[in-house]
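Student: Below you will find the structure I want to go over with you.
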Amino acid sequence: MISSVVRASLLRRGVGIRAQSTWTQVKMGPPDAILGITEAFKRDTDPRKMNLGVGAYRTDAGSPFVLDSVTQAENQLLHEKLDKEYLPITGLPQFTRAAAQLAYGSSSPVLDRLAITQSISGTGALRIGGAFVQRFCEGTPTVYVPGPSWGNHKAVFGDCGLTVKPYRYYDAKTRGLDLEGMLEDLSNLPRGQIVLLHACAHNPTGVDPTPDQWARIQSVVEENGHVAFFDMAYQGFATGDTDRDAHALRTFVEAGRAPVVLAQSFAKNMGLYGERVGTFSVVGASRDERARLESQLKILVRPMYSNPPVHGARIAARVLTDPELRSLWLSEVKLMADRIIGMRVALRSRLEKLGSSVAWNHITDQIGMFCFTGLTAAQVDRLAQEFHIYLTRDGRVSMAGITSANVDYLADSIHAVTQ
């Protein structure tokens, strides 16, 4: 037995007498798939290399894009020398009010009964929403997400104590929407489930329902008493028109026959990736219900992060409420959307000119930042190993990583692996 004096002496000299760590049982977690792609891309020294895995907009020169509207708003705010005091629990009122108007429409009758809180971008909004439905939906509802969906949906809702299951969405044969399968699945769910819907620019497939298809989806959700949980990460980024991209959300809300909640992000459409700006909102039945809902949102947020960051919210609020900056921003949103649409057209055109035996119409049929190419995991591996082109193994391409300088090389490489 070592005496306390000897133990102290040994420890001072750096001689280890260490008890087993409390954290010995903690296992190494799996690496993030997107991070792995980025790391492989960085190690590659070939000048032709392309990173098509990251979901962030790039200019036609392949560079990050800081919107001029954002820069001007930020400069105005810096000149005003504002304080850095805490925000209220639910965030900056000027921002949440403007964000709600953007999502639901400036003349929407639900604005005066909408409970809304600022969130840590879209992911934070989903986390608040998951905690909210877990706490207040009757019974033990399950969250049903499209098959496939953004990978983080399952993790976020799972960490809220919710069960997450898929419903049919993507048809691998047509590389489009499996509408009948989706409607059948939603019709067969127990009543009152949580149905996660991508408002526009579905991630990862780029497959969006048409307005007529949305009407059928809405009817099934309403008839079965489901909660419509919209995730809107790309408003304006899909078509270039913020009103058009909000069509599905607004038609559900205007009908008023299904409960609606919304996770909203400004990462993509304002380029505020690192500022973490978003909202979570619940459509109430009355002003009284709104007050009760907001009181519970505050109770949820307070132990999560107390209150949200101020800088990004001030930028977004200024852009949305200053007429000149808002006009400039809307033009920049359209510029980003149009560039991505242009890259879709160029990629499909080049593949068809090469005489590919594969039908590539889905490249332009799909919309938004991502394209579900239909490439197999083996073909994706060949693109990385032989052509220095990196994307996720499900064949998802971030269209924002394609430029006019590399689109032909990408098409030639895809043609080579799909011969």
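Here, A, B, ... name the chains of the structure tokens in the order displayed, residue numbers run from 1 inside each chain, and ligands are numbered from 1 in the same displayed order.
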Within range 53-268 of chain A, find each residue whose DSSP state, derived from the backbone, is strand (DSSP E), and express the selection as an MDAnalysis selection string.

Tutor: chainID A and resid 114:120 142:147 163:168 170:171 176:177 194:198 227:232 260:265

Student: Fewer than 3 positions away in the same chain doesn't count, so skip those; otherwise give me all residues within 8 Å of Pro211 in chain A, counting only C-alpha atoms, as a VMD selection string.

Tutor: chain A and resid 214 to 215 247 to 248

Student: Could you dump the residues just selected with N, CA and C atoms as a PDB file, in the first residue's frame?

Tutor:
```pdb
ATOM      1  N   TRP A 214     -48.610  18.846 -54.324  1.00  0.00           N
ATOM      2  CA  TRP A 214     -48.680  19.367 -52.955  1.00  0.00           C
ATOM      3  C   TRP A 214     -50.129  19.365 -52.454  1.00  0.00           C
ATOM      4  N   ALA A 215     -51.062  19.696 -53.342  1.00  0.00           N
ATOM      5  CA  ALA A 215     -52.472  19.717 -52.945  1.00  0.00           C
ATOM      6  C   ALA A 215     -52.932  18.334 -52.498  1.00  0.00           C
ATOM      7  N   HIS A 247     -44.733  28.351 -51.351  1.00  0.00           N
ATOM      8  CA  HIS A 247     -46.082  27.959 -51.768  1.00  0.00           C
ATOM      9  C   HIS A 247     -46.661  26.857 -50.887  1.00  0.00           C
ATOM     10  N   ALA A 248     -45.914  25.791 -50.674  1.00  0.00           N
ATOM     11  CA  ALA A 248     -46.449  24.648 -49.928  1.00  0.00           C
ATOM     12  C   ALA A 248     -46.812  25.049 -48.506  1.00  0.00           C
TER      13      ALA A 248
END
```

Student: Between A:Leu328, A:Ala228, A:Leu82, A:Met182, which residue has the minimum interatomic distance to Tyr167 in chain A, considering only C-alpha atoms?

Tutor: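 So, comparing all the options, the nearest one is A:Met182.
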
Student: Please identify all polymer residues within 10 Å of range 149-162 of chain A, counting only C-alpha atoms, omitting same-chain residues fewer than 3 positions from it, and present them as number ranges by chain.

Tutor: A: 33, 123-124, 126-135, 140-146, 165-167, 169-170, 196-198, 202-205, 231

Student: I'd like the interatomic distance between CA of Ala317 in chain A and CA of Lys298 in chain A, to a tenth of an Å.

Tutor: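 Here the two named atoms are 20.8 Å from each other.
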
Student: My list of candidates is A:Ile34, A:Met399, A:Val333, A:Val277. Which is closest to Gly236 in chain A when distances are computed with only C-alpha atoms?

Tutor: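 The answer is A:Val333, which sits nearest to Gly236 in chain A.
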
Student: So, with only C-alpha atoms as the atoms that count, which of A:Tyr273, A:Ser219, A:Arg175, A:Asp243 lies closest to Ile363 in chain A?

Tutor: A:Arg175

Student: For range 62-74 of chain A, list every protein, DNA or RNA residue within 12 Å, evaluated using only C-alpha atoms, and leave out those in the same chain fewer than 6 positions away; present the list as JSON, numbers by chain.

Tutor: {"A": [49, 50, 51, 52, 54, 55, 56, 80, 81, 82, 266, 267, 268, 269, 270, 271, 272, 273, 274, 275, 311, 312, 313, 314, 315, 316, 317, 318, 319, 320, 321, 322, 323, 324, 325, 326, 327, 328, 329, 330, 331, 332, 333, 334, 335, 336, 339, 399, 400, 401, 402, 403, 404, 405, 406, 407]}

Student: Taking the chain letters and numbering used in this document, name the residues of range 116-296 of chain A that DSSP puts in helix (DSSP H, G or I), as a ChimeraX atom specification.

Tutor: /A:121-136,151-159,179-188,211-223,242-245,247-255,273-275,287-296

Student: Any idea what the distance is between CA of Gly240 in chain A and CA of Asp365 in chain A?

Tutor: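 Calculated distance between CA of Gly240 in chain A and CA of Asp365 in chain A is 15.5 Å.
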
Student: Can you tell me which residues surround Cys200 in chain A at a distance of at most 8 Å, considering only C-alpha atoms, apart from same-chain residues fewer than 3 positions away, and format the answer as a PyMOL selection string?

Tutor: chain A and resi 208+232-235+238+245-246+248+368

Student: Can you work out which one of A:Lys173, A:Pro308, A:Asp212, A:Arg292 has the shortest atom-to-atom distance to Gly374 in chain A, counting only C-alpha atoms?

Tutor: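 Distance minimum relative to Gly374 in chain A lands on A:Lys173.
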
Student: Pick from A:Ile37, A:Leu87, A:Ala416, A:Ala263: nearest to Arg302 in chain A, with only C-alpha atoms counted?

Tutor: A:Leu87

Student: Rounded to one decimal, what separation in Å do you get between CA of Leu354 in chain A and CA of Thr392 in chain A?

Tutor: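 Atom-to-atom, CA of Leu354 in chain A to CA of Thr392 in chain A, that is 24.2 Å.
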
Student: Measuring atom to atom with only C-alpha atoms, identify which of A:Ile340, A:Ala125, A:Leu300, A:Leu391 is nearest to Ser265 in chain A.

Tutor: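 Going through A:Ile340, A:Ala125, A:Leu300, A:Leu391 one by one, the smallest distance to Ser265 in chain A is for A:Ala125.
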